[in-house]
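Novice: Structure provided below as structure tokens; questions to follow.
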Amino acid sequence: MSDTSSTSDTPDTRTSAQIEADIKRRRETLAETLDEIGVRVHPKTIVGDAKAKLVSNVDHTLGRAYVGANRLVSDVKGQFVSEEGAPRLARIVPAALVVVGVVGLLTVTSRRRKH
């Protein structure tokens with residue numbers, strides 16, 4: 001709509017040059033709007049936006065996973081190393097024995113399956 005309010009009761013007091021200038025300005029604005037819409041709905045723009053959103057989501061997920069893994073490693077390390085950095089042998093030896101036992105059981109069961 002025009003900046004100047006016009007109704008059937010109020011005559012338009014603009015000159016023809018002012019009306020033509022207003023039409024020209026509105027055409028330019030409309031052309032800019034149509035160009036912007038054309039860019040927004042272009043398949044390359046849509047694909048690019050989707051890729052950017054996916055990358056952002058993956059980065060966010062990987063960041064959260066990294067923080068979680070880092071926290072887990074710190075927690076496990078805290079179980080086997082004291083605050084001074086010395087190994088806690090009372091916890092390391094039983095854990096190592098469990099690992100050796102599990103590896104031994106897996107080796108024995110895999111050999112039985114092959115024979």
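To be explicit about the labels: the chains of the structure tokens are called A, B, and onward in the order shown, and within each one the residues are counted from 1, while ligands get numbers from 1 in the order they are shown.
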DSSP on the backbone, then: every residue of chain A marked helix (DSSP H, G or I), written as a PyMOL selection string.
Specialist: chain A and resi 16-41+43-80+89-114
Novice: Using only C-alpha atoms, determine which residues lie at most 7 Å from stretch 67-80 of chain A, disregarding the query and same-chain residues fewer than 5 positions distant; provide the list as a PyMOL selection string.
Specialist: chain A and resi 87-88+91-92
Novice: Store the residues picked out above in a file with all heavy atoms, as a short mmCIF file (atom, residue, chain, number, x, y, z; two decimals), in the first residue's frame.
Specialist:
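The new file out16.cif reads:
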data_model
loop_
_atom_site.label_atom_id
_atom_site.label_comp_id
_atom_site.auth_asym_id
_atom_site.auth_seq_id
_atom_site.Cartn_x
_atom_site.Cartn_y
_atom_site.Cartn_z
N PRO A 87 50.84 -44.66 40.65
CA PRO A 87 49.88 -45.72 40.35
C PRO A 87 49.33 -46.35 41.63
O PRO A 87 50.05 -46.52 42.61
CB PRO A 87 50.70 -46.73 39.54
CG PRO A 87 52.12 -46.40 39.79
CD PRO A 87 52.19 -44.98 40.22
N ARG A 88 48.06 -46.69 41.62
CA ARG A 88 47.43 -47.36 42.75
C ARG A 88 47.46 -48.87 42.47
O ARG A 88 46.57 -49.44 41.87
CB ARG A 88 45.99 -46.89 42.91
CG ARG A 88 45.86 -45.45 43.29
CD ARG A 88 44.41 -45.06 43.44
NE ARG A 88 44.32 -43.66 43.84
CZ ARG A 88 43.19 -43.01 44.00
NH1 ARG A 88 42.03 -43.63 43.80
NH2 ARG A 88 43.19 -41.76 44.37
N ARG A 91 44.61 -51.33 43.08
CA ARG A 91 43.52 -51.39 42.11
C ARG A 91 43.98 -51.90 40.74
O ARG A 91 43.20 -52.51 40.01
CB ARG A 91 42.88 -50.01 41.95
CG ARG A 91 42.15 -49.58 43.20
CD ARG A 91 41.40 -48.32 42.99
NE ARG A 91 40.67 -47.95 44.22
CZ ARG A 91 40.09 -46.80 44.40
NH1 ARG A 91 40.13 -45.89 43.45
NH2 ARG A 91 39.47 -46.54 45.53
N ILE A 92 45.23 -51.65 40.41
CA ILE A 92 45.74 -52.05 39.09
C ILE A 92 45.90 -53.56 39.00
O ILE A 92 45.50 -54.18 38.00
CB ILE A 92 47.08 -51.34 38.78
CG1 ILE A 92 46.84 -49.84 38.61
CG2 ILE A 92 47.73 -51.93 37.54
CD1 ILE A 92 48.10 -49.02 38.45
#
Novice: Record the distance separating atom CA of A:Arg40 and atom CA of A:Lys53, expressed in Å with one decimal.
Specialist: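 These two atoms are separated by 15.2 Å.
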Novice: In Å to one decimal, how far is atom CA of A:Lys51 from atom CA of A:Glu32?
Specialist: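 Atom CA of A:Lys51 lies 26.1 Å from atom CA of A:Glu32.
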Novice: How far is it from atom CA of A:Val103 to atom CA of A:Gly85, in Å with one decimal?
Specialist: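 A separation of 28.2 Å between them.
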